[in-house]
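What follows is the content of model32.pdb, which has PDB, C-alpha atoms:
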```pdb
ATOM      1  CA  MET B   1       9.554 -31.563 -26.761
ATOM      2  CA  ILE B   2      10.008 -34.219 -24.084
ATOM      3  CA  ARG B   3      11.491 -31.593 -21.757
ATOM      4  CA  GLU B   4       8.468 -29.274 -22.176
ATOM      5  CA  LEU B   5       6.073 -32.153 -21.590
ATOM      6  CA  ARG B   6       8.059 -33.227 -18.520
ATOM      7  CA  ILE B   7       7.995 -29.727 -17.079
ATOM      8  CA  GLY B   8       4.249 -29.468 -17.687
ATOM      9  CA  ILE B   9       3.527 -32.846 -16.127
ATOM     10  CA  ILE B  10       5.773 -32.218 -13.116
ATOM     11  CA  PHE B  11       3.629 -29.308 -11.955
ATOM     12  CA  ILE B  12       0.125 -30.712 -12.493
ATOM     13  CA  LEU B  13      -0.354 -33.439  -9.913
ATOM     14  CA  GLY B  14      -1.229 -33.870  -6.215
ATOM     15  CA  GLY B  15      -3.673 -35.302  -3.617
ATOM     16  CA  CYS B  16      -6.710 -34.912  -1.383
ATOM     17  CA  THR B  17      -8.234 -35.694   1.997
ATOM     18  CA  TYR B  18     -11.876 -36.267   2.953
ATOM     19  CA  ASP B  19     -14.230 -34.654   5.417
ATOM     20  CA  THR B  20     -18.000 -35.265   5.361
ATOM     21  CA  SER B  21     -18.675 -31.512   5.455
ATOM     22  CA  PHE B  22     -17.381 -31.258   1.870
ATOM     23  CA  VAL B  23     -20.401 -33.166   0.566
ATOM     24  CA  GLN B  24     -23.074 -30.952   2.092
ATOM     25  CA  GLY B  25     -24.766 -28.630  -0.394
ATOM     26  CA  SER B  26     -23.198 -30.384  -3.387
ATOM     27  CA  ASN B  27     -24.917 -32.434  -6.031
ATOM     28  CA  TYR B  28     -21.994 -34.848  -6.047
ATOM     29  CA  PHE B  29     -18.741 -35.345  -4.146
ATOM     30  CA  ASP B  30     -17.159 -31.891  -3.814
ATOM     31  CA  LEU B  31     -13.675 -32.528  -5.159
ATOM     32  CA  ASP B  32     -12.882 -28.820  -5.507
ATOM     33  CA  SER B  33     -13.303 -28.171  -1.765
ATOM     34  CA  LEU B  34     -11.466 -31.361  -0.982
ATOM     35  CA  ILE B  35      -8.459 -30.234  -3.016
ATOM     36  CA  SER B  36      -8.488 -26.751  -1.495
ATOM     37  CA  HIS B  37      -8.401 -28.305   1.970
ATOM     38  CA  GLN B  38      -5.631 -30.696   0.946
ATOM     39  CA  VAL B  39      -3.456 -27.864  -0.429
ATOM     40  CA  VAL B  40      -3.510 -26.251   3.014
ATOM     41  CA  GLN B  41      -2.675 -29.530   4.768
ATOM     42  CA  LEU B  42       0.151 -30.394   2.399
ATOM     43  CA  ALA B  43       1.657 -26.907   2.586
ATOM     44  CA  GLU B  44       1.626 -27.101   6.404
ATOM     45  CA  ARG B  45       3.124 -30.613   6.568
ATOM     46  CA  ASN B  46       5.635 -29.973   3.763
ATOM     47  CA  PRO B  47       6.256 -33.614   2.721
ATOM     48  CA  VAL B  48       9.091 -34.680   0.446
ATOM     49  CA  VAL B  49       7.707 -35.927  -2.867
ATOM     50  CA  THR B  50       9.672 -38.594  -4.693
ATOM     51  CA  LYS B  51       8.451 -38.102  -8.227
ATOM     52  CA  THR B  52       9.150 -40.341 -11.180
ATOM     53  CA  VAL B  53       8.196 -39.059 -14.617
ATOM     54  CA  ARG B  54       8.206 -41.515 -17.508
ATOM     55  CA  ILE B  55       7.713 -40.266 -21.055
ATOM     56  CA  ASP B  56       7.874 -42.840 -23.834
ATOM     57  CA  GLY B  57       9.912 -45.154 -21.620
ATOM     58  CA  GLU B  58      12.415 -42.491 -20.524
ATOM     59  CA  ASP B  59      12.493 -42.044 -16.717
ATOM     60  CA  GLU B  60      13.404 -39.015 -14.655
ATOM     61  CA  LYS B  61      13.302 -39.188 -10.858
ATOM     62  CA  GLN B  62      13.621 -36.384  -8.333
ATOM     63  CA  GLN B  63      12.822 -35.482  -4.747
ATOM     64  CA  ILE B  64      11.080 -32.147  -4.255
ATOM     65  CA  ARG B  65       9.018 -30.092  -1.808
ATOM     66  CA  PHE B  66       6.166 -27.783  -2.790
ATOM     67  CA  ASP B  67       4.838 -24.593  -1.217
ATOM     68  CA  SER B  68       1.088 -23.869  -1.238
ATOM     69  CA  VAL B  69       1.151 -22.219  -4.685
ATOM     70  CA  GLU B  70       3.046 -25.154  -6.163
ATOM     71  CA  TRP B  71       0.663 -27.640  -4.503
ATOM     72  CA  GLY B  72      -2.230 -25.780  -6.141
ATOM     73  CA  LYS B  73      -0.561 -26.218  -9.520
ATOM     74  CA  GLU B  74       0.290 -29.827  -8.739
ATOM     75  CA  LEU B  75      -3.330 -30.637  -7.865
ATOM     76  CA  LYS B  76      -4.901 -28.821 -10.802
ATOM     77  CA  ILE B  77      -5.081 -31.914 -13.009
ATOM     78  CA  VAL B  78      -7.215 -33.676 -10.390
ATOM     79  CA  LEU B  79      -9.971 -31.119 -10.988
ATOM     80  CA  ASP B  80     -10.550 -32.755 -14.377
ATOM     81  CA  LEU B  81     -12.341 -35.432 -12.326
ATOM     82  CA  ASP B  82     -14.654 -32.952 -10.568
ATOM     83  CA  VAL B  83     -18.198 -34.066 -11.363
ATOM     84  CA  ASN B  84     -19.798 -31.396  -9.182
ATOM     85  CA  LEU B  85     -20.287 -29.072 -12.146
ATOM     86  CA  PRO B  86     -23.546 -27.983 -13.797
ATOM     87  CA  ARG B  87     -22.950 -30.047 -16.961
ATOM     88  CA  TYR B  88     -22.856 -33.262 -14.902
ATOM     89  CA  VAL B  89     -26.096 -32.747 -12.948
ATOM     90  CA  GLY B  90     -28.416 -35.580 -13.948
ATOM     91  CA  ALA B  91     -25.908 -36.917 -16.502
ATOM     92  CA  LEU B  92     -24.204 -39.461 -14.257
ATOM     93  CA  ASP B  93     -25.037 -42.865 -12.877
ATOM     94  CA  ILE B  94     -24.091 -43.233  -9.217
ATOM     95  CA  VAL B  95     -23.245 -46.658  -7.839
ATOM     96  CA  ARG B  96     -22.536 -47.342  -4.173
ATOM     97  CA  THR B  97     -20.995 -50.716  -3.366
ATOM     98  CA  ASN B  98     -19.493 -51.537   0.011
ATOM     99  CA  ASN B  99     -16.998 -48.711   0.572
ATOM    100  CA  THR B 100     -16.896 -47.294  -2.967
ATOM    101  CA  LEU B 101     -18.844 -44.451  -4.554
ATOM    102  CA  THR B 102     -18.578 -44.445  -8.362
ATOM    103  CA  TYR B 103     -19.799 -41.871 -10.865
ATOM    104  CA  SER B 104     -19.978 -42.691 -14.573
ATOM    105  CA  PRO B 105     -21.770 -41.065 -17.515
ATOM    106  CA  LYS B 106     -25.179 -42.376 -18.451
ATOM    107  CA  GLU B 107     -25.171 -44.255 -21.761
ATOM    108  CA  THR B 108     -26.841 -41.309 -23.506
ATOM    109  CA  GLU B 109     -24.176 -38.808 -22.362
ATOM    110  CA  ASP B 110     -20.924 -37.862 -24.123
ATOM    111  CA  LEU B 111     -18.742 -36.540 -21.306
ATOM    112  CA  PRO B 112     -14.974 -36.279 -20.866
ATOM    113  CA  ILE B 113     -15.068 -38.307 -17.646
ATOM    114  CA  GLY B 114     -15.122 -42.072 -18.092
ATOM    115  CA  PHE B 115     -15.613 -42.707 -14.374
ATOM    116  CA  VAL B 116     -14.609 -41.431 -10.947
ATOM    117  CA  ALA B 117     -14.479 -43.786  -7.969
ATOM    118  CA  TYR B 118     -13.989 -42.776  -4.335
ATOM    119  CA  THR B 119     -12.984 -45.540  -1.927
ATOM    120  CA  PHE B 120     -13.498 -45.207   1.829
ATOM    121  CA  SER B 121     -12.287 -47.199   4.823
ATOM    122  CA  ASP B 122     -14.773 -48.890   7.139
ATOM    123  CA  THR B 123     -14.573 -45.782   9.350
ATOM    124  CA  GLY B 124     -15.478 -43.458   6.441
ATOM    125  CA  ASP B 125     -12.007 -42.060   5.735
ATOM    126  CA  LEU B 126     -11.111 -41.473   2.094
ATOM    127  CA  VAL B 127      -8.419 -43.976   1.098
ATOM    128  CA  GLY B 128      -8.447 -43.678  -2.686
ATOM    129  CA  VAL B 129      -9.668 -41.839  -5.750
ATOM    130  CA  ARG B 130      -9.426 -43.245  -9.258
ATOM    131  CA  GLY B 131     -10.824 -41.827 -12.458
ATOM    132  CA  SER B 132     -10.400 -41.500 -16.193
ATOM    133  CA  PHE B 133     -10.522 -38.381 -18.309
ATOM    134  CA  ILE B 134     -10.403 -37.944 -22.086
ATOM    135  CA  ASP B 135      -9.693 -34.495 -23.485
ATOM    136  CA  ASP B 136     -10.637 -34.568 -27.141
ATOM    137  CA  LYS B 137     -12.308 -31.171 -27.555
ATOM    138  CA  ALA B 138     -10.071 -30.410 -30.502
ATOM    139  CA  ARG B 139     -10.044 -33.929 -31.950
ATOM    140  CA  SER B 140      -8.389 -32.861 -35.191
ATOM    141  CA  ILE B 141      -5.488 -31.259 -33.278
ATOM    142  CA  TYR B 142      -4.951 -33.359 -30.158
ATOM    143  CA  ASN B 143      -6.318 -36.087 -27.908
ATOM    144  CA  VAL B 144      -5.276 -36.744 -24.306
ATOM    145  CA  SER B 145      -6.423 -39.701 -22.250
ATOM    146  CA  ARG B 146      -5.366 -40.218 -18.659
ATOM    147  CA  ILE B 147      -6.083 -42.233 -15.536
ATOM    148  CA  ILE B 148      -5.626 -40.439 -12.230
ATOM    149  CA  GLU B 149      -5.100 -42.425  -9.016
ATOM    150  CA  LEU B 150      -4.704 -40.990  -5.517
ATOM    151  CA  SER B 151      -4.014 -42.902  -2.295
ATOM    152  CA  PHE B 152      -4.466 -41.536   1.215
ATOM    153  CA  GLN B 153      -3.263 -42.494   4.651
ATOM    154  CA  ASP B 154      -4.422 -40.834   7.860
ATOM    155  CA  GLY B 155      -6.334 -38.231   5.850
ATOM    156  CA  LEU B 156      -3.348 -37.097   3.796
ATOM    157  CA  LEU B 157      -2.169 -37.897   0.306
ATOM    158  CA  SER B 158       0.427 -40.660   0.396
ATOM    159  CA  LYS B 159       0.800 -41.553  -3.282
ATOM    160  CA  TYR B 160      -0.457 -40.456  -6.678
ATOM    161  CA  ARG B 161      -0.174 -41.709 -10.207
ATOM    162  CA  VAL B 162      -1.253 -40.215 -13.511
ATOM    163  CA  TYR B 163      -0.743 -42.163 -16.699
ATOM    164  CA  GLY B 164      -2.031 -42.160 -20.230
ATOM    165  CA  PHE B 165      -1.191 -40.785 -23.634
ATOM    166  CA  GLN B 166      -1.191 -37.614 -25.685
ATOM    167  CA  LYS B 167      -1.701 -37.660 -29.439
ATOM    168  CA  MET B 168      -1.086 -34.507 -31.422
ATOM    169  CA  ALA B 169      -1.864 -34.086 -35.114
ATOM    170  CA  MET B 170       0.996 -35.115 -37.377
ATOM    171  CA  ARG B 171       3.025 -36.447 -34.420
ATOM    172  CA  ASP B 172       3.503 -39.798 -32.749
ATOM    173  CA  THR B 173       1.526 -40.741 -29.665
ATOM    174  CA  THR B 174       3.372 -39.901 -26.444
ATOM    175  CA  GLU B 175       2.787 -42.190 -23.477
ATOM    176  CA  PHE B 176       3.384 -40.760 -20.021
ATOM    177  CA  GLU B 177       3.289 -41.732 -16.376
ATOM    178  CA  VAL B 178       3.878 -39.663 -13.270
ATOM    179  CA  LEU B 179       4.261 -41.398  -9.930
ATOM    180  CA  GLY B 180       4.565 -39.402  -6.721
ATOM    181  CA  GLU B 181       5.215 -40.855  -3.291
ATOM    182  CA  LEU B 182       5.019 -38.546  -0.272
ATOM    183  CA  SER B 183       7.145 -38.847   2.866
ATOM    184  CA  TYR B 184       6.045 -36.890   5.923
TER     185      TYR B 184
END
```
Written as structure tokens, that's how I'd like the structure from this file.
Amino acid sequence: MIRELRIGIIFILGGCTYDTSFVQGSNYFDLDSLISHQVVQLAERNPVVTKTVRIDGEDEKQQIRFDSVEWGKELKIVLDLDVNLPRYVGALDIVRTNNTLTYSPKETEDLPIGFVAYTFSDTGDLVGVRGSFIDDKARSIYNVSRIIELSFQDGLLSKYRVYGFQKMAMRDTTEFEVLGELSY
């Protein structure tokens, strides 16, 4: 079971870069376009990813490279934080403070996203994304809660971390963490 979970987690993470053109025509920050752009950049630059996967305190570390298809799979989990979807229009509070843009559900809304925060440098470059996601659609069968953190340097993903837990019916809770550090 741990092996299957490890394999699944290994291929679901990644990173993003920011360009102001991604926001135009969107209700909220356009994470989907951002990720698509980042997949191209990462595939071209071909960084080495030092990835540490921890499941219930058991660590596995490896160095790997991804092609564009693998980067797409690796980044897929980040799309859980995409608030630019019809169900979120008008359902989120938006707070801008200094260099951070934060989306969170209004008190009257029951949404899977707890929050998503985008942090920018003084020059407007994206330097971080952090958000929480709870997947409890099938509450009687499973519940997954995770925090996703991305760090950027010079417009490219430099580090990512996903951590949380998975609880399946009639099984113990599994805690997990995936940490990826990119070397260009």
Residues selected by the PyMOL selection byres ((chain B and resi 143-146) around 7), written as a CSV table (one decimal) with C-alpha atoms, keeping the file's coordinate frame:
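Below is the file that was written, result_19.csv:
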```csv
chain,number,residue,atom,x,y,z
B,132,SER,CA,-10.4,-41.5,-16.2
B,133,PHE,CA,-10.5,-38.4,-18.3
B,134,ILE,CA,-10.4,-37.9,-22.1
B,135,ASP,CA,-9.7,-34.5,-23.5
B,136,ASP,CA,-10.6,-34.6,-27.1
B,139,ARG,CA,-10.0,-33.9,-32.0
B,142,TYR,CA,-5.0,-33.4,-30.2
B,147,ILE,CA,-6.1,-42.2,-15.5
B,148,ILE,CA,-5.6,-40.4,-12.2
B,162,VAL,CA,-1.3,-40.2,-13.5
B,163,TYR,CA,-0.7,-42.2,-16.7
B,164,GLY,CA,-2.0,-42.2,-20.2
B,165,PHE,CA,-1.2,-40.8,-23.6
B,166,GLN,CA,-1.2,-37.6,-25.7
B,167,LYS,CA,-1.7,-37.7,-29.4
B,168,MET,CA,-1.1,-34.5,-31.4
```
Item to check | range 177-184 of chain B environment, 10 Å, only C-alpha atoms, sequence neighbours closer than 5 positions dropped, as an MDAnalysis selection string | outcome: chainID B and resid 6 9:10 12:15 42 45:57 59:65 146:151 156:165
Next on the checklist: What's around Arg96 in chain B at 10 Å? Count all atoms listed in the file, leave out sequence neighbours fewer than 4 positions away in its own chain, and write the answer as a VMD selection string.
Outcome noted: chain B and resid 100 to 103 117 to 119
Next on the checklist: Please expand the PyMOL selection byres ((chain B and resi 104) around 6) into the concrete residues it hits in this file, giving the result as a PyMOL selection string.
Outcome noted: chain B and resi 92-93+103+105+115
Item to check | Two-atom distance - CA of Leu81 in chain B, CA of Phe152 in chain B (Å) | outcome: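 About the pair CA of Leu81 in chain B and CA of Phe152 in chain B: they are 16.8 Å apart.
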Next on the checklist: Using Å and a single decimal, report how far CA of Gly124 in chain B sits from CA of Val39 in chain B.
Outcome noted: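 Rounded to one decimal, the two atoms are 20.9 Å apart.
Taking CA of His37 in chain B and CA of Ser121 in chain B as endpoints, the distance between them is 19.5 Å.
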Next on the checklist: Taking (-16.2, -31.8, -6.3) as a centre in this file's frame and 8 Å as the limit, can you find every polymer residue with an atom that close, using all atoms listed in the file, and give them as a ChimeraX atom specification?
Outcome noted: /B:26,28-34,79,82-85
Enumerate, as an mmCIF file with C-alpha atoms, in the frame of the given file, the residues matched when the PyMOL selection byres ((chain B and resi 109) around 12) is run on the file above.
```
data_model
loop_
_atom_site.group_PDB
_atom_site.id
_atom_site.type_symbol
_atom_site.label_atom_id
_atom_site.label_comp_id
_atom_site.auth_asym_id
_atom_site.auth_seq_id
_atom_site.Cartn_x
_atom_site.Cartn_y
_atom_site.Cartn_z
ATOM 1 C CA ARG B 87 -22.950 -30.047 -16.961
ATOM 2 C CA TYR B 88 -22.856 -33.262 -14.902
ATOM 3 C CA VAL B 89 -26.096 -32.747 -12.948
ATOM 4 C CA GLY B 90 -28.416 -35.580 -13.948
ATOM 5 C CA ALA B 91 -25.908 -36.917 -16.502
ATOM 6 C CA LEU B 92 -24.204 -39.461 -14.257
ATOM 7 C CA ASP B 93 -25.037 -42.865 -12.877
ATOM 8 C CA SER B 104 -19.978 -42.691 -14.573
ATOM 9 C CA PRO B 105 -21.770 -41.065 -17.515
ATOM 10 C CA LYS B 106 -25.179 -42.376 -18.451
ATOM 11 C CA GLU B 107 -25.171 -44.255 -21.761
ATOM 12 C CA THR B 108 -26.841 -41.309 -23.506
ATOM 13 C CA ASP B 110 -20.924 -37.862 -24.123
ATOM 14 C CA LEU B 111 -18.742 -36.540 -21.306
ATOM 15 C CA PRO B 112 -14.974 -36.279 -20.866
ATOM 16 C CA ILE B 113 -15.068 -38.307 -17.646
ATOM 17 C CA GLY B 114 -15.122 -42.072 -18.092
#
```
Centre and edges of the range 108-119 of chain B box, axis-aligned, 6 Å extra per side, as lines of an AutoDock Vina configuration file:
```
center_x = -19.9
center_y = -40.9
center_z = -13.0
size_x = 25.9
size_y = 21.3
size_z = 34.2
```
Checklist entry - Can you find the residues with an atom no farther than 12 Å from (4.6, -22.5, -4.9), counting only C-alpha atoms, and report them as a PyMOL selection string? => result chain B and resi 11+39-40+42-43+46+64-75
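Considering all atoms listed in the file, the residue among B:Gly128, B:Asp122, B:Val78, B:Val116 positioned nearest to Asn98 in chain B is B:Asp122.
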Since the input is missing atoms, can you rebuild N, CA and C atoms for range 102-122 of chain B and write them as a compact mmCIF listing (two decimals), in the coordinates of the input?
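And here's selection-v7.txt as it stands now:
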```
# COMPACT_ATOMS: atom_id res chain seq x y z
N THR B 102 -19.05 -44.59 -6.99
CA THR B 102 -18.58 -44.44 -8.36
C THR B 102 -19.56 -43.63 -9.18
N TYR B 103 -19.03 -42.67 -9.92
CA TYR B 103 -19.80 -41.87 -10.86
C TYR B 103 -19.35 -42.25 -12.27
N SER B 104 -20.31 -42.44 -13.17
CA SER B 104 -19.98 -42.69 -14.57
C SER B 104 -21.09 -42.10 -15.44
N PRO B 105 -20.75 -41.67 -16.66
CA PRO B 105 -21.77 -41.06 -17.52
C PRO B 105 -22.87 -42.05 -17.88
N LYS B 106 -24.09 -41.55 -17.95
CA LYS B 106 -25.18 -42.38 -18.45
C LYS B 106 -24.90 -42.70 -19.91
N GLU B 107 -25.45 -43.81 -20.39
CA GLU B 107 -25.17 -44.26 -21.76
C GLU B 107 -25.48 -43.19 -22.80
N THR B 108 -26.44 -42.33 -22.53
CA THR B 108 -26.84 -41.31 -23.51
C THR B 108 -25.96 -40.06 -23.47
N GLU B 109 -25.01 -40.00 -22.54
CA GLU B 109 -24.18 -38.81 -22.36
C GLU B 109 -22.79 -38.97 -22.98
N ASP B 110 -22.29 -37.91 -23.58
CA ASP B 110 -20.92 -37.86 -24.12
C ASP B 110 -20.14 -36.86 -23.28
N LEU B 111 -19.46 -37.38 -22.26
CA LEU B 111 -18.74 -36.54 -21.31
C LEU B 111 -17.26 -36.91 -21.30
N PRO B 112 -16.41 -35.98 -20.89
CA PRO B 112 -14.97 -36.28 -20.87
C PRO B 112 -14.57 -37.24 -19.75
N ILE B 113 -15.39 -37.40 -18.75
CA ILE B 113 -15.07 -38.31 -17.65
C ILE B 113 -15.60 -39.69 -17.97
N GLY B 114 -14.70 -40.69 -17.89
CA GLY B 114 -15.12 -42.07 -18.09
C GLY B 114 -15.73 -42.64 -16.82
N PHE B 115 -15.11 -42.33 -15.69
CA PHE B 115 -15.61 -42.71 -14.37
C PHE B 115 -14.78 -41.99 -13.32
N VAL B 116 -15.34 -41.89 -12.12
CA VAL B 116 -14.61 -41.43 -10.95
C VAL B 116 -15.08 -42.30 -9.79
N ALA B 117 -14.14 -42.92 -9.09
CA ALA B 117 -14.48 -43.79 -7.97
C ALA B 117 -13.76 -43.31 -6.71
N TYR B 118 -14.52 -43.15 -5.64
CA TYR B 118 -13.99 -42.78 -4.34
C TYR B 118 -14.10 -44.00 -3.44
N THR B 119 -12.99 -44.38 -2.81
CA THR B 119 -12.98 -45.54 -1.93
C THR B 119 -12.75 -45.06 -0.50
N PHE B 120 -13.55 -45.60 0.42
CA PHE B 120 -13.50 -45.21 1.83
C PHE B 120 -13.17 -46.41 2.70
N SER B 121 -12.54 -46.14 3.85
CA SER B 121 -12.29 -47.20 4.82
C SER B 121 -13.60 -47.52 5.53
N ASP B 122 -13.58 -48.53 6.37
CA ASP B 122 -14.77 -48.89 7.14
C ASP B 122 -15.19 -47.77 8.09
```
